[in-house]
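Enquirer: Contents are compact mmCIF, C-alpha atoms (C1' of nucleotides); file name data.txt:
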# COMPACT_ATOMS: atom_id res chain seq x y z
CA MET A 256 133.01 50.07 -219.57
CA ALA A 257 131.12 47.02 -218.39
CA ARG A 258 131.88 44.11 -216.08
CA ARG A 259 133.43 45.68 -213.06
CA GLY A 260 132.28 43.24 -210.38
CA LEU A 261 129.50 45.20 -208.81
CA THR A 262 127.77 43.20 -206.08
CA ARG A 263 124.65 43.60 -204.04
CA GLY A 264 126.69 43.77 -200.86
CA GLU A 265 128.87 46.54 -202.22
CA ILE A 266 125.79 48.48 -203.25
CA VAL A 267 124.10 48.10 -199.87
CA ASP A 268 127.33 49.17 -198.18
CA ALA A 269 127.41 52.37 -200.20
CA THR A 270 123.73 52.95 -199.52
CA TRP A 271 124.27 52.47 -195.81
CA ASP A 272 127.13 54.96 -195.73
CA LEU A 273 125.12 57.47 -197.69
CA ALA A 274 122.12 57.14 -195.39
CA ALA A 275 124.30 57.40 -192.30
CA GLN A 276 125.98 60.55 -193.53
CA ARG A 277 123.28 62.42 -195.38
CA GLY A 278 120.04 60.84 -194.24
CA LEU A 279 117.45 58.65 -195.89
CA ALA A 280 116.27 61.47 -198.16
CA ALA A 281 119.72 61.53 -199.77
CA VAL A 282 119.42 57.87 -200.72
CA THR A 283 118.60 58.00 -204.41
CA MET A 284 119.52 55.56 -207.11
CA ARG A 285 121.59 58.28 -208.73
CA ALA A 286 123.46 59.19 -205.54
CA VAL A 287 124.26 55.58 -204.68
CA ALA A 288 125.43 54.95 -208.22
CA GLU A 289 127.64 58.00 -208.21
CA GLN A 290 129.22 56.94 -204.93
CA LEU A 291 130.17 53.69 -206.64
CA GLY A 292 131.33 55.33 -209.85
CA VAL A 293 128.64 53.63 -211.81
CA THR A 294 125.54 54.43 -213.84
CA PRO A 295 122.23 54.49 -211.94
CA MET A 296 120.77 51.74 -214.07
CA ALA A 297 123.63 49.42 -213.14
CA LEU A 298 122.11 49.02 -209.69
CA TYR A 299 118.89 47.52 -210.97
CA ARG A 300 120.39 44.22 -211.90
CA HIS A 301 121.58 43.68 -208.33
CA VAL A 302 118.87 45.13 -206.13
CA GLY A 303 115.78 44.97 -208.30
CA ASP A 304 114.47 48.41 -207.56
CA LYS A 305 114.57 51.11 -204.94
CA GLN A 306 112.51 49.05 -202.50
CA GLY A 307 115.14 46.34 -202.82
CA LEU A 308 117.77 48.87 -201.85
CA LEU A 309 115.78 49.77 -198.76
CA ASP A 310 115.37 46.10 -197.91
CA GLY A 311 119.13 45.90 -197.87
CA LEU A 312 119.18 48.79 -195.42
CA VAL A 313 116.73 46.99 -193.15
CA GLU A 314 118.96 43.92 -193.09
CA ARG A 315 121.94 46.03 -192.12
CA LEU A 316 119.87 47.76 -189.49
CA LEU A 317 118.95 44.45 -187.88
CA GLY A 318 122.54 43.35 -188.17
CA GLU A 319 123.62 46.37 -186.17
CA ILE A 320 121.76 45.16 -183.11
CA PRO A 321 124.36 43.63 -180.80
CA VAL A 322 123.52 40.16 -179.54
CA PRO A 323 124.49 39.92 -175.86
CA ASP A 324 126.82 37.37 -174.37
CA PRO A 325 124.85 34.15 -173.65
CA GLU A 326 126.77 33.76 -170.39
CA LEU A 327 125.01 36.73 -168.83
CA PRO A 328 121.87 36.22 -166.74
CA TRP A 329 118.74 36.36 -168.85
CA ARG A 330 117.48 39.56 -167.30
CA GLU A 331 120.69 41.35 -168.14
CA ARG A 332 120.62 39.97 -171.66
CA LEU A 333 117.16 41.33 -172.33
CA ARG A 334 118.19 44.68 -170.99
CA GLU A 335 121.25 44.85 -173.22
CA LEU A 336 119.23 43.82 -176.22
CA ALA A 337 116.69 46.55 -175.58
CA ALA A 338 119.42 49.11 -175.03
CA GLY A 339 121.07 48.00 -178.25
CA ILE A 340 117.89 48.44 -180.22
CA ARG A 341 117.36 51.91 -178.81
CA ALA A 342 120.93 52.81 -179.68
CA VAL A 343 120.42 51.66 -183.25
CA ALA A 344 117.24 53.70 -183.47
CA ARG A 345 118.98 56.82 -182.21
CA ALA A 346 121.91 56.30 -184.53
CA HIS A 347 119.63 55.90 -187.55
CA PRO A 348 116.42 57.72 -186.70
CA ASP A 349 115.07 58.00 -190.21
CA LEU A 350 115.94 54.46 -191.21
CA PHE A 351 114.45 52.86 -188.13
CA PRO A 352 110.75 53.15 -189.03
CA LEU A 353 111.48 50.98 -192.05
CA LEU A 354 111.41 48.04 -189.65
CA PHE A 355 107.66 48.30 -189.43
CA HIS A 356 107.27 47.74 -193.13
CA ARG A 357 108.96 44.38 -193.42
CA PRO A 358 107.82 41.10 -191.91
CA ALA A 359 109.84 40.09 -188.88
CA VAL A 360 110.63 36.71 -190.38
CA THR A 361 113.67 37.49 -192.52
CA ALA A 362 116.99 35.84 -191.83
CA ALA A 363 118.44 39.05 -190.47
CA ALA A 364 115.65 39.36 -187.91
CA ARG A 365 116.36 35.92 -186.55
CA ARG A 366 119.55 36.60 -184.65
CA PRO A 367 118.16 39.04 -182.09
CA ARG A 368 114.86 37.17 -181.90
CA ASP A 369 116.51 33.85 -181.06
CA SER A 370 118.45 35.61 -178.37
CA VAL A 371 115.21 36.80 -176.79
CA TYR A 372 113.69 33.33 -177.06
CA ALA A 373 116.60 31.83 -175.15
CA ALA A 374 116.38 34.46 -172.44
CA LEU A 375 112.65 33.96 -172.02
CA ARG A 376 113.01 30.20 -171.72
CA GLU A 377 115.55 30.70 -168.97
CA ALA A 378 113.05 33.02 -167.35
CA GLY A 379 110.73 30.04 -167.05
CA LEU A 380 108.45 30.49 -170.04
CA ALA A 381 107.69 27.65 -172.40
CA GLY A 382 105.88 26.82 -175.61
CA ASP A 383 103.70 29.46 -177.19
CA ASP A 384 104.26 31.78 -174.29
CA VAL A 385 107.84 32.27 -175.39
CA VAL A 386 106.79 33.31 -178.88
CA ARG A 387 104.05 35.56 -177.61
CA ALA A 388 106.14 37.22 -174.96
CA GLU A 389 108.88 37.86 -177.48
CA ARG A 390 106.38 39.54 -179.75
CA LEU A 391 105.08 41.65 -176.92
CA LEU A 392 108.58 42.70 -175.97
CA SER A 393 109.78 43.39 -179.49
CA THR A 394 106.64 45.30 -180.35
CA PHE A 395 106.99 47.52 -177.33
CA ILE A 396 110.67 48.17 -177.78
CA LEU A 397 110.18 48.91 -181.46
CA GLY A 398 107.39 51.34 -180.68
CA PHE A 399 109.44 52.96 -177.99
CA ALA A 400 112.54 53.29 -180.10
CA ALA A 401 110.56 54.60 -183.07
CA SER A 402 108.80 57.12 -180.86
CA GLU A 403 112.06 58.30 -179.38
CA ALA A 404 113.87 58.47 -182.70
CA GLY A 405 110.97 60.02 -184.59
CA GLY A 406 110.43 62.76 -182.03
CA ARG A 407 107.06 61.65 -180.72
CA PHE A 408 108.35 61.99 -177.17
CA ALA A 409 109.40 65.56 -177.91
CA HIS A 410 111.80 66.77 -175.21
CA LEU A 411 110.90 64.09 -172.69
CA ASP A 412 113.48 62.26 -170.61
CA ALA A 413 113.39 59.08 -172.62
CA GLU A 414 115.88 57.39 -170.32
CA ALA A 415 113.66 57.66 -167.25
CA GLU A 416 110.65 56.72 -169.32
CA PHE A 417 112.41 53.65 -170.55
CA GLY A 418 113.43 52.58 -167.07
CA TYR A 419 109.88 52.88 -165.82
CA ALA A 420 108.47 50.88 -168.71
CA THR A 421 111.03 48.09 -168.64
CA ASP A 422 110.69 47.68 -164.88
CA ALA A 423 106.96 47.36 -165.30
CA ILE A 424 107.27 44.80 -168.05
CA ALA A 425 109.96 42.90 -166.19
CA ARG A 426 107.49 42.43 -163.35
CA LEU A 427 105.27 40.63 -165.83
CA LEU A 428 107.88 38.01 -166.59
CA GLU A 429 108.36 37.15 -162.95
CA LYS A 430 104.73 36.21 -162.48
CA ASP A 431 104.36 33.68 -165.25
CA MET B 236 90.10 83.08 -211.59
CA ALA B 237 91.11 84.04 -208.09
CA ARG B 238 89.40 84.20 -204.76
CA ARG B 239 87.29 81.11 -204.56
CA GLY B 240 87.30 80.58 -200.80
CA LEU B 241 89.81 77.78 -200.55
CA THR B 242 90.48 76.85 -196.93
CA ARG B 243 92.96 74.67 -195.12
CA GLY B 244 90.16 72.47 -193.87
CA GLU B 245 88.81 71.94 -197.35
CA ILE B 246 92.27 71.03 -198.58
CA VAL B 247 92.92 68.56 -195.78
CA ASP B 248 89.51 67.00 -196.44
CA ALA B 249 90.39 66.43 -200.07
CA THR B 250 93.80 65.08 -199.08
CA TRP B 251 92.20 62.70 -196.62
CA ASP B 252 89.78 61.37 -199.20
CA LEU B 253 92.54 60.92 -201.70
CA ALA B 254 94.73 59.06 -199.23
CA ALA B 255 91.84 56.85 -198.16
CA GLN B 256 90.97 55.91 -201.71
CA ARG B 257 94.30 55.70 -203.49
CA GLY B 258 96.88 55.51 -200.71
CA LEU B 259 99.52 57.84 -199.39
CA ALA B 260 101.61 57.52 -202.53
CA ALA B 261 98.77 59.12 -204.50
CA VAL B 262 98.86 62.19 -202.29
CA THR B 263 100.67 64.72 -204.42
CA MET B 264 100.23 68.46 -204.52
CA ARG B 265 98.99 68.13 -208.06
CA ALA B 266 96.47 65.41 -207.31
CA VAL B 267 95.04 67.25 -204.32
CA ALA B 268 94.81 70.45 -206.32
CA GLU B 269 93.06 68.72 -209.18
CA GLN B 270 90.52 67.18 -206.84
CA LEU B 271 89.71 70.71 -205.71
CA GLY B 272 89.67 72.18 -209.20
CA VAL B 273 92.58 74.41 -208.38
CA THR B 274 96.18 75.01 -209.38
CA PRO B 275 98.81 73.11 -207.37
CA MET B 276 100.44 76.34 -206.21
CA ALA B 277 97.17 77.52 -204.70
CA LEU B 278 97.63 75.01 -201.89
CA TYR B 279 100.86 76.53 -200.68
CA ARG B 280 99.25 79.60 -199.22
CA HIS B 281 97.09 77.46 -196.96
CA VAL B 282 99.24 74.51 -195.95
CA GLY B 283 102.77 75.85 -196.30
CA ASP B 284 104.25 72.86 -198.04
CA LYS B 285 103.78 69.14 -198.45
CA GLN B 286 104.80 68.43 -194.87
CA GLY B 287 102.04 70.78 -193.78
CA LEU B 288 99.60 68.73 -195.80
CA LEU B 289 100.76 65.58 -194.03
CA ASP B 290 100.44 67.30 -190.67
CA GLY B 291 96.81 67.87 -191.52
CA LEU B 292 96.48 64.17 -192.22
CA VAL B 293 97.94 63.33 -188.82
CA GLU B 294 95.39 65.57 -187.11
CA ARG B 295 92.56 63.84 -188.93
CA LEU B 296 94.03 60.48 -188.07
CA LEU B 297 94.02 61.29 -184.37
CA GLY B 298 90.56 62.70 -184.72
CA GLU B 299 89.36 59.38 -186.10
CA ILE B 300 90.11 57.61 -182.84
CA PRO B 301 86.77 57.19 -181.08
CA VAL B 302 86.73 58.38 -177.47
CA PRO B 303 84.76 55.88 -175.39
CA ASP B 304 81.77 56.70 -173.24
CA PRO B 305 82.99 57.98 -169.82
CA GLU B 306 80.20 56.03 -168.14
CA LEU B 307 81.82 52.72 -168.97
CA PRO B 308 84.13 51.03 -166.46
CA TRP B 309 87.73 52.11 -166.92
CA ARG B 310 88.91 48.73 -168.04
CA GLU B 311 86.34 48.63 -170.80
CA ARG B 312 87.24 52.15 -171.82
CA LEU B 313 90.90 51.33 -172.26
CA ARG B 314 89.98 48.29 -174.27
CA GLU B 315 87.74 50.29 -176.59
CA LEU B 316 90.38 52.93 -177.04
CA ALA B 317 92.97 50.36 -177.97
CA ALA B 318 90.57 48.66 -180.34
CA GLY B 319 89.77 52.04 -181.89
CA ILE B 320 93.42 52.80 -182.50
CA ARG B 321 93.97 49.42 -184.10
CA ALA B 322 90.94 49.96 -186.30
CA VAL B 323 92.29 53.33 -187.43
CA ALA B 324 95.65 51.75 -188.19
CA ARG B 325 94.04 49.02 -190.26
CA ALA B 326 91.83 51.48 -192.10
CA HIS B 327 94.81 53.73 -192.94
CA PRO B 328 97.86 51.48 -192.88
CA ASP B 329 100.16 53.75 -194.83
CA LEU B 330 99.14 56.91 -193.01
CA PHE B 331 99.49 55.43 -189.57
CA PRO B 332 103.30 55.46 -189.26
CA LEU B 333 103.16 59.23 -189.65
CA LEU B 334 102.15 59.31 -185.98
CA PHE B 335 105.69 58.47 -184.97
CA HIS B 336 107.02 61.56 -186.64
CA ARG B 337 105.03 64.20 -184.79
CA PRO B 338 105.26 65.02 -181.10
CA ALA B 339 102.35 63.64 -179.10
CA VAL B 340 101.57 67.05 -177.66
CA THR B 341 99.41 68.56 -180.38
CA ALA B 342 95.83 69.57 -179.69
CA ALA B 343 94.50 66.65 -181.71
CA ALA B 344 96.48 64.16 -179.63
CA ARG B 345 94.96 65.44 -176.41
CA ARG B 346 91.49 63.99 -176.69
CA PRO B 347 92.42 60.30 -176.61
CA ARG B 348 95.25 60.94 -174.16
CA ASP B 349 92.99 62.64 -171.64
CA SER B 350 90.61 59.75 -171.92
CA VAL B 351 93.41 57.35 -170.95
CA TYR B 352 94.45 59.60 -168.06
CA ALA B 353 90.95 59.52 -166.64
CA ALA B 354 90.74 55.74 -166.94
CA LEU B 355 94.09 55.24 -165.25
CA ARG B 356 93.17 57.49 -162.35
CA GLU B 357 90.04 55.44 -161.81
CA ALA B 358 92.25 52.39 -161.89
CA GLY B 359 93.98 53.76 -158.82
CA LEU B 360 97.05 55.42 -160.28
CA ALA B 361 98.06 58.94 -159.31
CA GLY B 362 100.57 61.67 -160.10
CA ASP B 363 103.46 60.84 -162.39
CA ASP B 364 102.42 57.23 -162.59
CA VAL B 365 99.40 58.24 -164.61
CA VAL B 366 101.53 60.04 -167.16
CA ARG B 367 104.07 57.27 -167.33
CA ALA B 368 101.56 54.48 -167.61
CA GLU B 369 99.77 56.36 -170.37
CA ARG B 370 103.00 56.66 -172.25
CA LEU B 371 103.72 52.97 -171.81
CA LEU B 372 100.27 52.06 -173.03
CA SER B 373 100.22 54.43 -175.98
CA THR B 374 103.71 53.41 -177.04
CA PHE B 375 102.82 49.76 -177.01
CA ILE B 376 99.54 50.16 -178.80
CA LEU B 377 101.14 52.40 -181.41
CA GLY B 378 103.90 49.89 -181.98
CA PHE B 379 101.41 47.07 -182.18
CA ALA B 380 99.10 48.87 -184.56
CA ALA B 381 101.99 50.00 -186.74
CA SER B 382 103.37 46.47 -186.83
CA GLU B 383 100.01 45.04 -187.75
CA ALA B 384 99.24 47.66 -190.36
CA GLY B 385 102.74 47.68 -191.82
CA GLY B 386 102.87 43.93 -192.20
CA ARG B 387 105.57 43.21 -189.66
CA PHE B 388 103.40 40.48 -188.17
CA ALA B 389 103.08 38.89 -191.60
CA HIS B 390 100.16 36.47 -191.61
CA LEU B 391 99.97 36.13 -187.85
CA ASP B 392 96.70 36.07 -185.97
CA ALA B 393 96.92 39.63 -184.72
CA GLU B 394 93.70 39.32 -182.79
CA ALA B 395 94.96 36.54 -180.54
CA GLU B 396 98.30 38.28 -180.23
CA PHE B 397 96.56 41.43 -179.13
CA GLY B 398 94.46 39.62 -176.57
CA TYR B 399 97.52 38.00 -175.03
CA ALA B 400 99.40 41.29 -174.82
CA THR B 401 96.57 43.38 -173.42
CA ASP B 402 95.76 40.76 -170.81
CA ALA B 403 99.37 40.76 -169.73
CA ILE B 404 99.53 44.54 -169.52
CA ALA B 405 96.20 44.73 -167.75
CA ARG B 406 97.65 42.53 -165.01
CA LEU B 407 100.22 45.25 -164.48
CA LEU B 408 97.63 47.87 -163.73
CA GLU B 409 95.99 45.77 -161.06
CA LYS B 410 99.16 45.51 -159.03
CA ASP B 411 99.94 49.21 -158.67
C1' DC C 101 82.57 106.36 -204.48
C1' DC C 102 86.63 105.11 -205.99
C1' DA C 103 91.61 104.54 -206.05
C1' DA C 104 95.27 101.90 -203.86
C1' DG C 105 97.01 98.02 -201.59
C1' DA C 106 96.64 93.45 -199.96
C1' DA C 107 95.29 88.79 -200.68
C1' DA C 108 94.30 84.64 -203.39
C1' DG C 109 94.89 81.93 -207.25
C1' DT C 110 97.41 81.12 -211.87
C1' DA C 111 101.20 80.33 -215.22
C1' DT C 112 105.49 78.92 -216.14
C1' DA C 113 109.62 76.77 -215.23
C1' DC C 114 113.34 73.96 -213.08
C1' DA C 115 116.00 70.45 -211.00
C1' DG C 116 115.66 65.98 -209.39
C1' DC C 117 113.33 61.51 -208.98
C1' DG C 118 112.51 56.23 -210.30
C1' DT C 119 112.89 53.46 -214.04
C1' DA C 120 111.58 51.48 -219.17
C1' DT C 121 113.95 50.57 -223.21
C1' DA C 122 117.62 49.94 -226.26
C1' DT C 123 122.53 49.58 -226.87
C1' DA C 124 127.45 48.73 -226.26
C1' DT C 125 131.09 46.10 -224.03
C1' DA C 126 133.80 42.48 -221.89
C1' DC C 127 134.09 38.00 -220.38
C1' DA C 128 133.42 32.52 -220.47
C1' DC C 129 133.21 28.64 -223.17
C1' DT C 130 133.39 25.67 -227.14
C1' DA D 212 138.98 32.49 -232.48
C1' DG D 213 134.18 33.19 -232.51
C1' DT D 214 129.85 33.41 -230.27
C1' DG D 215 126.49 33.85 -226.66
C1' DT D 216 125.55 35.91 -222.38
C1' DA D 217 126.03 38.66 -218.48
C1' DT D 218 126.93 43.37 -217.24
C1' DA D 219 127.08 48.20 -217.43
C1' DT D 220 125.74 52.36 -220.25
C1' DA D 221 122.96 55.89 -222.79
C1' DT D 222 118.96 58.01 -223.48
C1' DA D 223 114.52 59.33 -222.47
C1' DC D 224 109.84 59.80 -220.17
C1' DG D 225 106.57 61.15 -216.93
C1' DC D 226 106.33 62.44 -212.48
C1' DT D 227 107.53 65.08 -208.16
C1' DG D 228 107.83 69.49 -204.98
C1' DT D 229 108.15 74.18 -205.30
C1' DA D 230 110.52 79.06 -206.67
C1' DT D 231 109.30 83.01 -209.17
C1' DA D 232 106.49 86.20 -211.54
C1' DC D 233 102.03 87.46 -212.83
C1' DT D 234 96.94 88.36 -212.88
C1' DT D 235 92.70 88.85 -210.78
C1' DT D 236 89.65 89.88 -207.02
C1' DC D 237 88.41 91.75 -202.59
C1' DT D 238 89.02 95.16 -198.90
C1' DT D 239 89.57 99.46 -197.10
C1' DG D 240 90.68 104.60 -196.26
C1' DG D 241 90.21 109.28 -198.20
What's the structure tokens form of this structure?
Expert:
Amino acid sequence: MARRGLTRGEIVDATWDLAAQRGLAAVTMRAVAEQLGVTPMALYRHVGDKQGLLDGLVERLLGEIPVPDPELPWRERLRELAAGIRAVARAHPDLFPLLFHRPAVTAAARRPRDSVYAALREAGLAGDDVVRAERLLSTFILGFAASEAGGRFAHLDAEAEFGYATDAIARLLEKD
Amino acid sequence: MARRGLTRGEIVDATWDLAAQRGLAAVTMRAVAEQLGVTPMALYRHVGDKQGLLDGLVERLLGEIPVPDPELPWRERLRELAAGIRAVARAHPDLFPLLFHRPAVTAAARRPRDSVYAALREAGLAGDDVVRAERLLSTFILGFAASEAGGRFAHLDAEAEFGYATDAIARLLEKD
DNA sequence: CCAAGAAAGTATACAGCGTATATATACACT
DNA sequence: AGTGTATATATACGCTGTATACTTTCTTGG
């Protein structure tokens, strides 16, 4: 039984479902293949290897981040973006740290990043400052979300913590 | 051949060396055991399981962070601490993300944290603000170091990036 | 002083992993 | 209709963490 139209997208979909339901540890070539009714080795043609499978997961993860309505005021947009990222991290706590292992320059990473760029320009930043501020923001929010999802904050009130931090950082943007 | 004085510390030492030389992927129960001239199963009595071994690595990682001289001005102390954390991340890029997976309340995590507390109090903060600011700082620096070590920044000039970010955050501390 | 029990390390084994290699099958095209 | 090529399969290998059962050594109470 060959030639059944297996695609990379289909494979990543199955992987995503598996990870969402049984966790990252349950994501094995064999398990993904079984979910698709296919031999493990069939996946290799489409995703290269296991790392390629995980790359697909990272794309999906970035795709899950909701891009806020451009009509909203920039401050509100940044807040929604940050909240969206945290929500993604909490929904997929074991997948989330994968974001640290891939460069932030893939196509999938562009959508949310461009949204931040636009917001920062409206906030009055220009040139390199936009790029740098975005990196500062994204690095902080990634660290925060990873800490929260990974359990580094233990039983802390992450919500209050987050409010404190974002208020502090927001003050920064007003100065420049 | 029983009873040869194997200790948890000795095991974690060997694990640390192995990870430093051949990477986290090379850290297997078998490899660690071999390095100690011991059967793999001998480790289990002392470290519980593989996760216990990794916990030992996290302790060592935190222990590697140099605590700056208390005589220095607070600003300089924070800068040295941050630089130390980045250096640890770069020296052990694959171990570093493990920090996100353990609560920041272990004994090993206390040394650097207390150092930040002291610096922040000298900077004029008090009460809850000290705790919150520390968390903001440590979250950012962890995210930054993990991004740098994990390759999320790709080929960026991390040094310049870091300078920009720390200057911005330092401005925050002056206001409060 | 020595037997008994606890403690530490060993031996063996198992299920599951990623994936290299070789093979069979079904389609597209001349 | 036949042939080449893309696609999925079959099989197998070395590796992983660790459960279980065993042996050896040290400690300790009569």
Enquirer: Which value, in Å to one decimal, gives the distance between atom CA of Ile404 of chain B and atom CA of Val371 of chain A?
Expert: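 Between atom CA of Ile404 of chain B and atom CA of Val371 of chain A the gap works out to 18.9 Å.
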Enquirer: Which residues of chain A are close to chain C, meaning at most 12 Å apart when you count all atoms listed in the file, and how do they look as a short mmCIF file (atom, residue, chain, number, x, y, z; two decimals) with C-alpha atoms, in the coordinates of the input?
Expert:
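Done, and the output landed in result_13.cif:
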data_model
loop_
_atom_site.label_atom_id
_atom_site.label_comp_id
_atom_site.auth_asym_id
_atom_site.auth_seq_id
_atom_site.Cartn_x
_atom_site.Cartn_y
_atom_site.Cartn_z
CA MET A 256 133.01 50.07 -219.57
CA ALA A 257 131.12 47.02 -218.39
CA ARG A 258 131.88 44.11 -216.08
CA ARG A 259 133.43 45.68 -213.06
CA GLY A 260 132.28 43.24 -210.38
CA ALA A 280 116.27 61.47 -198.16
CA ALA A 281 119.72 61.53 -199.77
CA VAL A 282 119.42 57.87 -200.72
CA THR A 283 118.60 58.00 -204.41
CA MET A 284 119.52 55.56 -207.11
CA ARG A 285 121.59 58.28 -208.73
CA ALA A 286 123.46 59.19 -205.54
CA PRO A 295 122.23 54.49 -211.94
CA MET A 296 120.77 51.74 -214.07
CA ALA A 297 123.63 49.42 -213.14
CA LEU A 298 122.11 49.02 -209.69
CA TYR A 299 118.89 47.52 -210.97
CA GLY A 303 115.78 44.97 -208.30
CA ASP A 304 114.47 48.41 -207.56
CA LYS A 305 114.57 51.11 -204.94
CA GLN A 306 112.51 49.05 -202.50
#
Enquirer: Between B:Pro338, B:Gly398, B:Gly272, B:Gly359, which one has atoms that come closest to chain A, using only C-alpha atoms?
Expert: B:Pro338
Enquirer: How close does chain B get to chain A? List, as a Markdown table, each residue of chain B within 10 Å, its nearest atom pair and the distance in Å to one decimal, counting all atoms listed in the file.
Expert:
| residue | atom | partner | partner_atom | distance |
| --- | --- | --- | --- | --- |
| B:Asp329 | CA | A:His356 | CA | 9.5 |
| B:Pro332 | CA | A:Pro352 | CA | 7.8 |
| B:Leu333 | CA | A:Gly405 | CA | 9.3 |
| B:Leu334 | CA | A:Arg407 | CA | 7.6 |
| B:Phe335 | CA | A:Ser402 | CA | 5.3 |
| B:His336 | CA | A:Gly405 | CA | 4.7 |
| B:Arg337 | CA | A:Arg407 | CA | 5.2 |
| B:Pro338 | CA | A:Arg407 | CA | 3.8 |
| B:Ala339 | CA | A:Arg407 | CA | 5.4 |
| B:Val340 | CA | A:Ala409 | CA | 8.0 |
| B:Asp364 | CA | A:Tyr419 | CA | 9.2 |
| B:Val366 | CA | A:Glu416 | CA | 9.9 |
| B:Arg367 | CA | A:Glu416 | CA | 6.9 |
| B:Ala368 | CA | A:Ala420 | CA | 7.9 |
| B:Arg370 | CA | A:Glu416 | CA | 8.2 |
| B:Leu371 | CA | A:Ala420 | CA | 6.0 |
| B:Leu372 | CA | A:Phe395 | CA | 9.2 |
| B:Ser373 | CA | A:Gly398 | CA | 9.1 |
| B:Thr374 | CA | A:Gly398 | CA | 5.6 |
| B:Phe375 | CA | A:Phe395 | CA | 4.7 |
| B:Ile376 | CA | A:Phe395 | CA | 8.0 |
| B:Leu377 | CA | A:Gly398 | CA | 6.4 |
| B:Gly378 | CA | A:Gly398 | CA | 4.0 |
| B:Phe379 | CA | A:Thr394 | CA | 5.8 |
| B:Ala380 | CA | A:Thr394 | CA | 9.3 |
| B:Ala381 | CA | A:Phe355 | CA | 6.5 |
| B:Ser382 | CA | A:Phe355 | CA | 5.3 |
| B:Glu383 | CA | A:Phe355 | CA | 8.5 |
| B:Ala384 | CA | A:His356 | CA | 8.5 |
| B:Gly385 | CA | A:His356 | CA | 4.7 |
| B:Gly386 | CA | A:Pro358 | CA | 5.7 |
| B:Arg387 | CA | A:Pro358 | CA | 3.8 |
| B:Phe388 | CA | A:Pro358 | CA | 5.8 |
| B:Ala389 | CA | A:Pro358 | CA | 5.2 |
| B:His390 | CA | A:Pro358 | CA | 9.0 |
| B:Ala395 | CA | A:Arg387 | CA | 9.6 |
| B:Glu396 | CA | A:Arg387 | CA | 6.9 |
| B:Phe397 | CA | A:Leu391 | CA | 8.8 |
| B:Tyr399 | CA | A:Arg387 | CA | 7.4 |
| B:Ala400 | CA | A:Leu391 | CA | 6.1 |
| B:Thr401 | CA | A:Leu391 | CA | 9.4 |
| B:Ala403 | CA | A:Leu427 | CA | 7.1 |
| B:Ile404 | CA | A:Leu427 | CA | 7.9 |
| B:Arg406 | CA | A:Leu427 | CA | 7.9 |
| B:Leu407 | CA | A:Leu427 | CA | 7.0 |
| B:Leu408 | CA | A:Ala423 | CA | 9.5 |
| B:Lys410 | CA | A:Arg426 | CA | 9.9 |
| B:Asp411 | CA | A:Ala423 | CA | 9.8 |
Enquirer: Only residues of chain D matter here; which ones have an atom within 9 Å of chain A, counting all atoms listed in the file? Give them as a list in words.
Expert: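 The selection requested is DA217, DT218, DA219 and DT220 of chain D.
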